[in-house]
Each structure stands twice: as C-alpha cells, then as structure tokens.
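Below is the file upload.csv, which contains CSV, C-alpha atoms (C1' of nucleotides).
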chain,number,residue,atom,x,y,z
A,205,MET,CA,116.4,77.8,70.8
A,206,THR,CA,116.8,76.5,74.3
A,207,LYS,CA,118.7,78.2,77.1
A,208,VAL,CA,122.2,77.1,77.6
A,209,LYS,CA,123.8,76.0,80.9
A,210,GLY,CA,124.7,79.0,83.0
A,211,ASP,CA,122.3,81.3,81.2
A,212,ASP,CA,120.8,83.3,84.1
A,213,SER,CA,118.5,85.5,81.9
A,214,LEU,CA,114.8,85.4,82.6
A,215,PRO,CA,112.6,84.2,79.8
A,216,TRP,CA,110.4,87.3,80.0
A,217,ARG,CA,108.3,86.7,76.9
A,218,GLU,CA,107.3,83.2,78.2
A,219,MET,CA,106.1,84.8,81.5
A,220,SER,CA,104.4,88.0,80.3
A,221,ARG,CA,102.4,89.2,77.4
A,222,TYR,CA,103.8,92.7,77.8
A,223,ASP,CA,107.2,94.3,77.0
A,224,GLY,CA,107.9,95.1,80.6
A,225,PRO,CA,106.0,96.6,83.5
A,226,GLN,CA,105.5,100.0,81.8
A,227,SER,CA,103.4,98.3,79.1
A,228,SER,CA,101.0,96.6,81.6
A,229,PRO,CA,97.8,98.6,82.2
A,230,GLY,CA,97.6,97.7,85.8
A,231,PHE,CA,101.1,98.9,86.4
A,232,VAL,CA,100.3,102.1,84.6
A,233,LEU,CA,97.2,102.6,86.7
A,234,TRP,CA,99.1,102.1,89.9
A,235,HIS,CA,101.9,104.5,88.8
A,236,GLY,CA,99.4,107.1,87.6
A,237,PHE,CA,97.3,107.0,90.7
A,238,MET,CA,100.4,107.4,92.9
A,239,ARG,CA,101.5,110.4,90.9
A,240,TRP,CA,98.0,112.0,91.2
A,241,GLN,CA,97.8,111.3,94.9
A,242,ARG,CA,101.4,112.5,95.6
A,243,HIS,CA,100.8,115.9,93.8
A,244,LEU,CA,97.4,116.4,95.5
A,245,ASN,CA,98.8,115.5,98.9
A,246,ALA,CA,101.5,118.1,98.4
A,247,LEU,CA,98.9,120.7,97.6
A,248,LEU,CA,96.7,119.8,100.5
A,249,LYS,CA,99.6,119.7,103.0
A,250,PRO,CA,99.5,123.5,103.8
A,251,PHE,CA,95.9,123.0,104.8
A,252,GLY,CA,96.7,120.1,107.1
A,253,LEU,CA,94.8,117.6,105.1
A,254,THR,CA,95.6,114.4,103.1
A,255,GLN,CA,93.8,113.4,100.0
A,256,PRO,CA,91.7,110.7,101.7
A,257,GLN,CA,90.9,113.1,104.6
A,258,PHE,CA,89.7,115.7,102.0
A,259,ALA,CA,87.6,113.0,100.2
A,260,VAL,CA,85.9,112.0,103.4
A,261,LEU,CA,85.4,115.5,104.6
A,262,ALA,CA,83.9,116.4,101.2
A,263,THR,CA,81.7,113.3,101.1
A,264,CYS,CA,80.4,114.2,104.6
A,265,GLY,CA,79.6,117.6,103.4
A,266,TRP,CA,77.8,116.3,100.3
A,267,LEU,CA,75.7,113.7,102.2
A,268,THR,CA,74.7,116.1,104.9
A,269,ARG,CA,74.2,119.1,102.6
A,270,GLY,CA,70.4,119.3,103.2
A,271,GLY,CA,70.7,118.6,106.9
A,272,GLN,CA,70.3,114.8,106.6
A,273,GLU,CA,71.5,112.4,109.4
A,274,VAL,CA,74.4,110.3,108.1
A,275,THR,CA,76.0,107.4,109.9
A,276,GLN,CA,79.6,106.2,109.3
A,277,GLN,CA,78.1,103.1,107.7
A,278,ALA,CA,76.2,105.3,105.2
A,279,MET,CA,79.5,107.0,104.4
A,280,ALA,CA,81.2,103.6,103.9
A,281,ASP,CA,78.4,102.4,101.6
A,282,PHE,CA,78.5,105.6,99.6
A,283,LEU,CA,82.3,105.4,99.2
A,284,ASP,CA,82.3,101.6,98.7
A,285,MET,CA,84.9,101.5,101.5
A,286,ASP,CA,85.4,99.4,104.6
A,287,ARG,CA,83.6,100.6,107.8
A,288,MET,CA,86.8,100.4,109.7
A,289,HIS,CA,88.6,102.7,107.2
A,290,ILE,CA,86.0,105.4,107.6
A,291,SER,CA,86.2,105.1,111.4
A,292,GLN,CA,90.0,105.6,111.2
A,293,ILE,CA,89.9,108.6,109.0
A,294,ALA,CA,86.8,110.2,110.8
A,295,SER,CA,88.5,109.9,114.1
A,296,ARG,CA,91.5,111.9,112.8
A,297,LEU,CA,89.2,114.5,111.3
A,298,GLU,CA,87.4,114.7,114.7
A,299,ARG,CA,90.7,115.0,116.5
A,300,ASP,CA,91.6,117.9,114.2
A,301,GLY,CA,88.2,119.6,114.9
A,302,LEU,CA,86.8,119.4,111.4
A,303,LEU,CA,84.2,116.7,111.9
A,304,CYS,CA,81.8,115.8,114.7
A,305,ARG,CA,80.7,112.3,115.6
A,306,SER,CA,77.6,111.9,117.8
A,307,PRO,CA,75.7,108.8,118.8
A,308,SER,CA,72.4,108.4,117.0
A,309,VAL,CA,69.2,108.5,119.0
A,310,GLU,CA,67.4,105.9,116.9
A,311,ASP,CA,70.3,103.5,116.8
A,312,MET,CA,72.6,103.4,119.8
A,313,ARG,CA,75.3,101.6,117.8
A,314,ALA,CA,75.5,104.1,115.0
A,315,LYS,CA,77.5,107.4,115.0
A,316,LEU,CA,76.2,110.4,113.1
A,317,VAL,CA,78.9,112.4,111.3
A,318,SER,CA,78.7,116.1,110.4
A,319,LEU,CA,81.0,119.0,109.6
A,320,THR,CA,82.0,121.4,112.3
A,321,PRO,CA,82.1,125.1,111.4
A,322,ALA,CA,85.8,124.7,111.1
A,323,GLY,CA,85.2,121.7,108.8
A,324,ARG,CA,82.9,123.7,106.6
A,325,GLU,CA,85.4,126.6,106.3
A,326,LYS,CA,88.3,124.2,105.6
A,327,LEU,CA,86.2,122.5,102.9
A,328,ALA,CA,85.3,125.8,101.2
A,329,GLU,CA,88.9,126.8,101.3
A,330,VAL,CA,90.3,123.5,99.9
A,331,MET,CA,87.7,122.6,97.3
A,332,PRO,CA,88.8,125.1,94.6
A,333,VAL,CA,92.4,124.0,95.1
A,334,ALA,CA,91.6,120.4,94.6
A,335,GLU,CA,89.3,120.9,91.7
A,336,ALA,CA,91.8,123.2,89.9
A,337,PHE,CA,94.4,120.5,90.3
A,338,ASP,CA,92.2,117.8,88.9
A,339,GLU,CA,91.3,120.0,86.0
A,340,SER,CA,95.0,120.5,85.0
A,341,PHE,CA,96.0,116.9,85.9
A,342,PHE,CA,93.4,115.2,83.8
A,343,ALA,CA,93.6,117.7,80.9
A,344,GLY,CA,97.3,117.3,80.6
A,345,ALA,CA,97.6,113.7,79.3
A,346,ALA,CA,98.6,113.1,75.7
A,347,PRO,CA,96.2,111.1,73.6
A,348,ASP,CA,98.7,108.3,72.9
A,349,ARG,CA,98.7,107.3,76.5
A,350,THR,CA,97.0,104.3,78.1
A,351,SER,CA,93.4,105.1,78.8
A,352,PHE,CA,91.1,103.7,81.5
A,353,ARG,CA,87.4,103.8,82.2
A,354,PHE,CA,85.8,103.3,85.6
B,1158,MET,CA,67.9,134.1,97.3
B,1159,THR,CA,69.9,134.2,100.4
B,1160,LYS,CA,70.0,131.6,103.2
B,1161,VAL,CA,67.7,132.1,106.1
B,1162,LYS,CA,68.7,132.0,109.7
B,1163,GLY,CA,68.9,128.5,111.0
B,1164,ASP,CA,69.5,127.0,107.5
B,1165,ASP,CA,72.2,124.4,108.2
B,1166,SER,CA,72.3,123.2,104.6
B,1167,LEU,CA,75.7,123.4,102.8
B,1168,PRO,CA,75.8,125.6,99.7
B,1169,TRP,CA,77.3,122.8,97.6
B,1170,ARG,CA,77.1,124.5,94.2
B,1171,GLU,CA,78.9,127.5,95.5
B,1172,MET,CA,81.7,125.2,96.7
B,1173,SER,CA,82.1,122.7,93.9
B,1174,ARG,CA,81.7,122.6,90.1
B,1175,TYR,CA,80.5,118.9,90.4
B,1176,ASP,CA,77.2,117.3,91.5
B,1177,GLY,CA,78.8,115.5,94.3
B,1178,PRO,CA,82.0,113.4,94.8
B,1179,GLN,CA,81.0,110.7,92.3
B,1180,SER,CA,81.1,113.3,89.5
B,1181,SER,CA,84.6,114.4,90.3
B,1182,PRO,CA,87.3,112.7,88.2
B,1183,GLY,CA,89.8,112.6,91.0
B,1184,PHE,CA,87.4,110.9,93.3
B,1185,VAL,CA,86.5,108.4,90.5
B,1186,LEU,CA,90.2,107.7,90.0
B,1187,TRP,CA,90.7,107.1,93.7
B,1188,HIS,CA,87.7,104.8,93.9
B,1189,GLY,CA,88.6,102.9,90.8
B,1190,PHE,CA,92.2,102.4,91.8
B,1191,MET,CA,91.1,101.1,95.2
B,1192,ARG,CA,88.7,98.7,93.6
B,1193,TRP,CA,91.4,97.4,91.2
B,1194,GLN,CA,93.9,97.0,94.0
B,1195,ARG,CA,91.5,95.3,96.4
B,1196,HIS,CA,90.6,92.7,93.8
B,1197,LEU,CA,94.1,92.0,92.8
B,1198,ASN,CA,95.3,91.8,96.4
B,1199,ALA,CA,92.6,89.2,97.0
B,1200,LEU,CA,93.8,87.2,94.0
B,1201,LEU,CA,97.4,87.4,95.1
B,1202,LYS,CA,96.8,86.6,98.7
B,1203,PRO,CA,96.9,82.8,98.2
B,1204,PHE,CA,100.4,83.3,96.8
B,1205,GLY,CA,101.5,85.3,99.8
B,1206,LEU,CA,102.0,88.5,97.8
B,1207,THR,CA,100.5,91.9,97.8
B,1208,GLN,CA,100.1,94.0,94.6
B,1209,PRO,CA,103.0,96.3,95.4
B,1210,GLN,CA,105.2,93.3,96.3
B,1211,PHE,CA,104.2,91.7,93.0
B,1212,ALA,CA,105.0,94.9,91.1
B,1213,VAL,CA,108.5,95.2,92.7
B,1214,LEU,CA,109.2,91.5,92.1
B,1215,ALA,CA,108.2,91.7,88.5
B,1216,THR,CA,110.2,94.9,88.0
B,1217,CYS,CA,113.2,93.3,89.5
B,1218,GLY,CA,112.8,90.4,87.1
B,1219,TRP,CA,112.4,92.7,84.2
B,1220,LEU,CA,115.4,94.9,84.9
B,1221,THR,CA,117.7,91.9,85.6
B,1222,ARG,CA,116.3,89.8,82.7
B,1223,GLY,CA,119.6,89.8,80.8
B,1224,GLY,CA,121.7,89.3,83.9
B,1225,GLN,CA,122.2,93.1,84.5
B,1226,GLU,CA,123.2,94.5,87.9
B,1227,VAL,CA,120.4,96.6,89.3
B,1228,THR,CA,120.5,98.7,92.4
B,1229,GLN,CA,117.6,99.6,94.6
B,1230,GLN,CA,118.0,103.2,93.4
B,1231,ALA,CA,117.7,102.0,89.8
B,1232,MET,CA,114.5,100.3,90.7
B,1233,ALA,CA,113.2,103.5,92.4
B,1234,ASP,CA,114.1,105.6,89.3
B,1235,PHE,CA,112.4,103.1,87.0
B,1236,LEU,CA,109.3,103.0,89.1
B,1237,ASP,CA,109.3,106.7,89.9
B,1238,MET,CA,109.1,105.8,93.6
B,1239,ASP,CA,110.9,106.9,96.7
B,1240,ARG,CA,114.0,104.8,97.4
B,1241,MET,CA,112.8,104.4,101.0
B,1242,HIS,CA,109.7,102.7,99.6
B,1243,ILE,CA,111.7,100.3,97.6
B,1244,SER,CA,113.9,99.5,100.6
B,1245,GLN,CA,110.8,98.8,102.6
B,1246,ILE,CA,109.2,96.4,100.1
B,1247,ALA,CA,112.5,94.8,99.1
B,1248,SER,CA,113.3,93.9,102.7
B,1249,ARG,CA,110.0,92.1,103.0
B,1250,LEU,CA,110.5,90.2,99.8
B,1251,GLU,CA,114.0,89.3,101.1
B,1252,ARG,CA,112.5,88.1,104.4
B,1253,ASP,CA,110.2,85.9,102.4
B,1254,GLY,CA,113.0,84.5,100.4
B,1255,LEU,CA,111.9,85.8,97.0
B,1256,LEU,CA,114.6,88.5,96.5
B,1257,CYS,CA,118.3,88.7,97.2
B,1258,ARG,CA,120.0,91.9,98.2
B,1259,SER,CA,123.8,92.0,98.0
B,1260,PRO,CA,126.3,94.9,98.3
B,1261,SER,CA,127.7,96.1,95.1
B,1262,VAL,CA,131.4,95.8,94.5
B,1263,GLU,CA,131.8,99.0,92.5
B,1264,ASP,CA,129.7,101.1,95.0
B,1265,MET,CA,129.8,100.1,98.6
B,1266,ARG,CA,126.6,102.1,99.4
B,1267,ALA,CA,124.5,100.4,96.8
B,1268,LYS,CA,122.6,97.1,97.1
B,1269,LEU,CA,122.1,94.9,94.1
B,1270,VAL,CA,118.7,93.2,93.9
B,1271,SER,CA,118.0,90.0,92.1
B,1272,LEU,CA,115.4,87.2,92.2
B,1273,THR,CA,116.1,84.1,94.1
B,1274,PRO,CA,115.1,80.8,92.4
B,1275,ALA,CA,112.0,80.8,94.7
B,1276,GLY,CA,111.3,84.4,93.5
B,1277,ARG,CA,111.5,83.3,89.8
B,1278,GLU,CA,109.2,80.5,90.4
B,1279,LYS,CA,106.7,82.6,92.3
B,1280,LEU,CA,106.8,85.2,89.5
B,1281,ALA,CA,106.2,82.6,86.8
B,1282,GLU,CA,103.3,81.3,88.9
B,1283,VAL,CA,101.6,84.7,89.6
B,1284,MET,CA,102.2,86.5,86.4
B,1285,PRO,CA,99.4,84.8,84.4
B,1286,VAL,CA,96.9,85.3,87.3
B,1287,ALA,CA,97.7,89.0,87.5
B,1288,GLU,CA,97.6,89.5,83.7
B,1289,ALA,CA,94.3,87.6,83.3
B,1290,PHE,CA,92.8,89.8,86.0
B,1291,ASP,CA,93.9,93.0,84.3
B,1292,GLU,CA,92.6,91.8,81.0
B,1293,SER,CA,89.1,91.3,82.5
B,1294,PHE,CA,89.2,94.4,84.7
B,1295,PHE,CA,90.1,96.8,82.0
B,1296,ALA,CA,87.9,95.2,79.3
B,1297,GLY,CA,84.8,95.3,81.5
B,1298,ALA,CA,84.2,99.1,81.8
B,1299,ALA,CA,81.2,100.5,80.0
B,1300,PRO,CA,82.0,103.2,77.4
B,1301,ASP,CA,79.9,105.8,79.3
B,1302,ARG,CA,82.2,105.9,82.2
B,1303,THR,CA,84.9,108.4,83.1
B,1304,SER,CA,88.0,107.8,81.2
B,1305,PHE,CA,91.6,108.6,82.1
B,1306,ARG,CA,94.9,108.7,80.3
B,1307,PHE,CA,98.3,108.5,81.9
C,1421,DG,C1',145.2,115.2,98.7
C,1422,DC,C1',141.3,116.9,101.1
C,1423,DA,C1',137.1,119.4,102.4
C,1424,DA,C1',132.4,120.1,100.8
C,1425,DT,C1',128.6,118.1,98.4
C,1426,DT,C1',125.9,114.5,96.5
C,1427,DT,C1',124.3,109.9,96.4
C,1428,DT,C1',122.7,105.4,98.4
C,1429,DG,C1',120.5,103.2,101.8
C,1430,DT,C1',118.1,102.6,106.5
C,1431,DA,C1',115.5,103.8,111.1
C,1432,DA,C1',111.6,105.9,113.0
C,1433,DA,C1',107.3,108.2,112.7
C,1434,DT,C1',102.7,109.3,110.5
C,1435,DG,C1',98.7,108.2,108.0
C,1436,DC,C1',96.2,105.1,104.5
C,1437,DA,C1',93.9,100.5,103.6
C,1438,DT,C1',92.7,96.0,105.0
C,1439,DT,C1',92.0,91.9,108.1
C,1440,DT,C1',90.7,89.7,112.3
C,1441,DA,C1',88.6,89.8,116.6
C,1442,DT,C1',85.5,91.9,119.9
C,1443,DA,C1',81.5,94.3,122.0
C,1444,DA,C1',77.1,96.0,122.0
C,1445,DA,C1',72.7,97.2,120.0
C,1446,DA,C1',69.1,96.0,116.7
C,1447,DA,C1',66.2,92.7,114.2
C,1448,DG,C1',64.1,88.3,113.5
C,1449,DG,C1',62.1,83.9,114.7
C,1450,DA,C1',60.7,80.2,117.8
D,168,DT,C1',59.8,86.4,125.8
D,169,DC,C1',64.2,84.6,124.8
D,170,DC,C1',67.6,83.2,121.7
D,171,DT,C1',70.0,83.6,117.4
D,172,DT,C1',71.6,86.3,113.8
D,173,DT,C1',72.8,90.6,111.8
D,174,DT,C1',74.5,95.2,112.0
D,175,DT,C1',77.4,99.1,113.6
D,176,DA,C1',81.5,100.5,115.4
D,177,DT,C1',86.2,100.0,117.5
D,178,DA,C1',91.0,97.8,118.9
D,179,DA,C1',95.1,95.7,117.3
D,180,DA,C1',98.0,94.1,113.7
D,181,DT,C1',100.1,94.1,109.0
D,182,DG,C1',101.7,96.2,105.0
D,183,DC,C1',101.8,100.4,101.7
D,184,DA,C1',103.4,105.3,100.9
D,185,DT,C1',105.7,109.3,102.5
D,186,DT,C1',108.7,112.4,105.4
D,187,DT,C1',112.4,113.5,108.4
D,188,DA,C1',116.7,112.4,110.1
D,189,DC,C1',120.9,110.0,109.8
D,190,DA,C1',125.2,107.3,108.4
D,191,DA,C1',128.4,106.0,105.2
D,192,DA,C1',130.4,105.9,100.6
D,193,DA,C1',131.2,108.3,96.3
D,194,DT,C1',132.0,112.5,93.7
D,195,DT,C1',133.4,117.2,93.0
D,196,DG,C1',136.1,121.3,93.5
D,197,DC,C1',140.0,123.4,95.3

structure tokens encoding of this file:
Amino acid sequence: MTKVKGDDSLPWREMSRYDGPQSSPGFVLWHGFMRWQRHLNALLKPFGLTQPQFAVLATCGWLTRGGQEVTQQAMADFLDMDRMHISQIASRLERDGLLCRSPSVEDMRAKLVSLTPAGREKLAEVMPVAEAFDESFFAGAAPDRTSFRF
Amino acid sequence: MTKVKGDDSLPWREMSRYDGPQSSPGFVLWHGFMRWQRHLNALLKPFGLTQPQFAVLATCGWLTRGGQEVTQQAMADFLDMDRMHISQIASRLERDGLLCRSPSVEDMRAKLVSLTPAGREKLAEVMPVAEAFDESFFAGAAPDRTSFRF
DNA sequence: GCAATTTTGTAAATGCATTTATAAAAAGGA
DNA sequence: TCCTTTTTATAAATGCATTTACAAAATTGC
C-alpha cells in the first residue's frame, strides 16, 4: 500500500515507534517536569523565589550546615550543574540579600557562598511549603502512568 | 540539647524531612530532567535542533499527519503549554525553514502550522536518533533509584 | 445590529540553562 | 625560576519558559 500522488499525510508509523508524542517517555518526562516546576514556581512566587533559586539556596544551606567553607564550584559539582549556571543564580540570590559571596583566603579565584540571616529565615519559611507540595505531587499519580527512575 | 552561642550550624533536621537535597524527590526530578535534556540537546545539536524545537516539530507532524488544519492554540492545548511559548518556538522553526505558519481562512486571528518539506525530512532524520536515546536513557536506571509516575 | 466579552496571537521583560570567550589565580614541570 | 596547563569565576549571547500588556478577530448577549 503505497502513498498516492497528492497524499500529504505523514507516514507516522514509519517514522516513530510510538502512537504520537504522548506515548513517548521523553515527551512525558518533559511534560511532567514542566507541570511540576510550574506548580512549584507558583507556590514559591509569594516568597520571591523561583524553584531553581530555592534549590540553590537549600543546597547552600545543606553544604554549609556544619559551618563548612563552600565554593561556587563545589556547589556546581554537588548539583552536577555548570559553574556559570550557579554564578548566575547565586548573583541573583546575593542581589536579593539571601546569599553572601566572599572571596576565599586560600584561593583568590574562588568565591565562598553562605546564607545570610535573611536567607536562613527564608529557607526555614519555604522548606515546609516545597516539601508539602512534593509530597502531594508525587503521591497523586495513578499507577497506570509512565514511570521513571533516576 | 539547645544550640550554644556562636554555633553557626544550620538545624537541617528541623527544617527538612530529608537528609539533604539528593534525598528529595523534587530535587531528583529536576536533576534527572536536566541530565536527560542536556544529553538529548547534545545529540540534536548537529541537526540544528533543540529538544523543545524537536518536540514542537514532532507534535506538529503528529497533529497534521492526516492533513488536518492545526492552529498554534491547538498545539498549545495538546502540549499543555502557554500559547506564547508555542509562538516563540514556532517562529524560530519558521525562521529555520522547517515549519510554515499561514493565517486561517475561517478564523483570521488563528495561524495554521504545518511542516515544510525540509521540516518533514529533518523530522524523519532526527526521530530515530531521539527515540534510540530515550530507549537507552530510560532503560539504564537501576531499580534502587527514585521512581516517578506522570 | 451592536456593545461587551472571550479568544488568538505577538511584543517586551524576567529568569533559567547552556555555550563561547576571557581573565586571573593556582598547580605542575622543565 | 619561568612557562605551560589547569582551575575558578564572569561577560555576553542564544534559546527555553513564563508573565504582563496589547491588538485584532470572533463570539455572546441584549
């Protein structure tokens, strides 16, 4: 059964193993992640934070919890993120007074990051909100949905 | 056991139910999604496409597969995305000659989207690459990892 | 028919994520 | 020591994702 002249339909089954985008696991991951991030961003907005800002703030708090010195590079390694990305987000958090960046004494290139008192307070305020959201978000999915492991 | 004066450690367990960011499901989702997108973007780069551009291109192909007329709004509804977002990505795909946007006759506000011949060819080229990547990515996770359903 | 509302799309702005290029400090090797 | 390489961070640029504001066409209600 070949296509006739003038048939402008796309031979989907010859191109894809899936019955449309909604059946593709990558597509579902993208869609699900955006849904999660959208909802969390909406919850964090009243606190003046975005989801990535909250993640970086929380990670900074975690890594410095015992008073350790932590460089931006150490944050990037821990998060498996680009140095530049951390720099970008940290500079906004510093602008907003939640995070402090000071040059290291041992390494003049490095910048040590730490929470400001306002940063600590914000984190304590926001953490229960974010964790309650995650609790409900990840508990709500029906068992017949696509599942992922990371 | 109260904190002594000068103790600058963060009372993490009082703030979070998790042992650090890596134990939080939301954090793991964010991290996993970025890893997936980063790898896929690297694979698509030689084809001049990003992951979202590929997704929109493929969705356009899917929705118009039988010759149907599809508006940008219909795309946004199908993808559960903002119509502005579709507009942004579609305009880049049009600029690159992969997608055609023409005003609808029935509704002068709406723009009908369809693949150009170059868009069809690109899609046929890229689809196996993206699907093979997804296959390996989602098959590779160990069973002791955090799992998600969407 | 006509005014009010809704729908469709775009412009501009903000922040996320990455890439490329650059500068400066540290580390390593002759 | 001096020179090369690596490491840490930033500036600028591109594209993703969303928000606000806006214009124009379609729909609704009278």

- List the neighbours of range 1202-1213 of chain B out to 9 Å using only C-alpha atoms (C1' of nucleotides); skip same-chain residues closer than 6 positions along the sequence, and give me the result as JSON, numbers by chain. {"A": [225, 231, 234], "B": [1194, 1195, 1232, 1236, 1243, 1246, 1247, 1249, 1250, 1279, 1280, 1282, 1283, 1284, 1287], "D": [182, 183]}

- Using only C-alpha atoms (C1' of nucleotides), which residues sit within 8 Å of DA192 in chain D once same-chain residues fewer than 6 positions away are excluded, as a VMD selection string? chain B and resid 1264 to 1266

- Task: Would you mind telling me which residue in A:Ala314, A:Ala328, A:Ala278, A:Leu214 lies nearest to chain C when using only C-alpha atoms (C1' of nucleotides)?
- Result: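 Of all the options, A:Ala314 lies closest to chain C.
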
- Query: Between CA of Pro1182 in chain B and CA of Ser1304 in chain B, what is the spacing in Å?
  - Reply: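 Calculated distance between CA of Ser1304 in chain B and CA of Pro1182 in chain B is 8.6 Å.
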
If we count only C-alpha atoms (C1' of nucleotides), what is near range 1430-1441 of chain C at a cut-off of 10 Å, once residues fewer than 3 positions away on the same chain are taken out, given as a PDB file with C-alpha atoms (C1' of nucleotides), keeping the file's coordinate frame?
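Okay, this is what ended up in selection32.pdb:
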ATOM      1  CA  THR A 254      95.600 114.400 103.100  1.00  0.00           C
ATOM      2  CA  GLN A 255      93.800 113.400 100.000  1.00  0.00           C
ATOM      3  CA  PRO A 256      91.700 110.700 101.700  1.00  0.00           C
ATOM      4  CA  GLN A 257      90.900 113.100 104.600  1.00  0.00           C
ATOM      5  CA  MET A 285      84.900 101.500 101.500  1.00  0.00           C
ATOM      6  CA  ASP A 286      85.400  99.400 104.600  1.00  0.00           C
ATOM      7  CA  MET A 288      86.800 100.400 109.700  1.00  0.00           C
ATOM      8  CA  HIS A 289      88.600 102.700 107.200  1.00  0.00           C
ATOM      9  CA  GLN A 292      90.000 105.600 111.200  1.00  0.00           C
ATOM     10  CA  ILE A 293      89.900 108.600 109.000  1.00  0.00           C
ATOM     11  CA  ARG A 296      91.500 111.900 112.800  1.00  0.00           C
TER      12      ARG A 296
ATOM     13  CA  MET B1191      91.100 101.100  95.200  1.00  0.00           C
ATOM     14  CA  ARG B1195      91.500  95.300  96.400  1.00  0.00           C
ATOM     15  CA  ASN B1198      95.300  91.800  96.400  1.00  0.00           C
ATOM     16  CA  MET B1241     112.800 104.400 101.000  1.00  0.00           C
ATOM     17  CA  SER B1244     113.900  99.500 100.600  1.00  0.00           C
ATOM     18  CA  GLN B1245     110.800  98.800 102.600  1.00  0.00           C
TER      19      GLN B1245
ATOM     20  C1'  DA D 178      91.000  97.800 118.900  1.00  0.00           C
ATOM     21  C1'  DA D 179      95.100  95.700 117.300  1.00  0.00           C
ATOM     22  C1'  DA D 180      98.000  94.100 113.700  1.00  0.00           C
ATOM     23  C1'  DT D 181     100.100  94.100 109.000  1.00  0.00           C
ATOM     24  C1'  DG D 182     101.700  96.200 105.000  1.00  0.00           C
ATOM     25  C1'  DC D 183     101.800 100.400 101.700  1.00  0.00           C
ATOM     26  C1'  DA D 184     103.400 105.300 100.900  1.00  0.00           C
ATOM     27  C1'  DT D 185     105.700 109.300 102.500  1.00  0.00           C
ATOM     28  C1'  DT D 186     108.700 112.400 105.400  1.00  0.00           C
ATOM     29  C1'  DT D 187     112.400 113.500 108.400  1.00  0.00           C
ATOM     30  C1'  DA D 188     116.700 112.400 110.100  1.00  0.00           C
ATOM     31  C1'  DC D 189     120.900 110.000 109.800  1.00  0.00           C
ATOM     32  C1'  DA D 190     125.200 107.300 108.400  1.00  0.00           C
TER      33       DA D 190
END

- re CA of Tyr222 in chain A and CA of Val1270 in chain B: distance 21.9 Å

- Task: List the neighbours of Gln1225 in chain B out to 10 Å using all atoms listed in the file; skip same-chain residues closer than 3 positions along the sequence, and give me the result as a list in words.
- Result: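 Once the nearby chain positions are removed, what remains is Asp212 and Ser213 of chain A; Trp1219, Leu1220, Thr1221, Arg1222, Thr1228, Leu1269 and Ser1271 of chain B.
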
Within 6 Å of (80.8, 100.2, 112.0) (coordinates as in the file), grab all the protein and nucleic acid residues, counting only C-alpha atoms (C1' of nucleotides), and write them out as a short mmCIF file (atom, residue, chain, number, x, y, z; two decimals) with C-alpha atoms (C1' of nucleotides), in the frame of the given file.
data_model
loop_
_atom_site.label_atom_id
_atom_site.label_comp_id
_atom_site.auth_asym_id
_atom_site.auth_seq_id
_atom_site.Cartn_x
_atom_site.Cartn_y
_atom_site.Cartn_z
CA GLN A 277 78.10 103.10 107.70
CA ARG A 287 83.60 100.60 107.80
"C1'" DT D 175 77.40 99.10 113.60
"C1'" DA D 176 81.50 100.50 115.40
#

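With distances taken over only C-alpha atoms (C1' of nucleotides), A:Glu310 is the one residue among A:Asp348, A:Glu310, A:Glu335, A:Glu325 lying closest to chain C.
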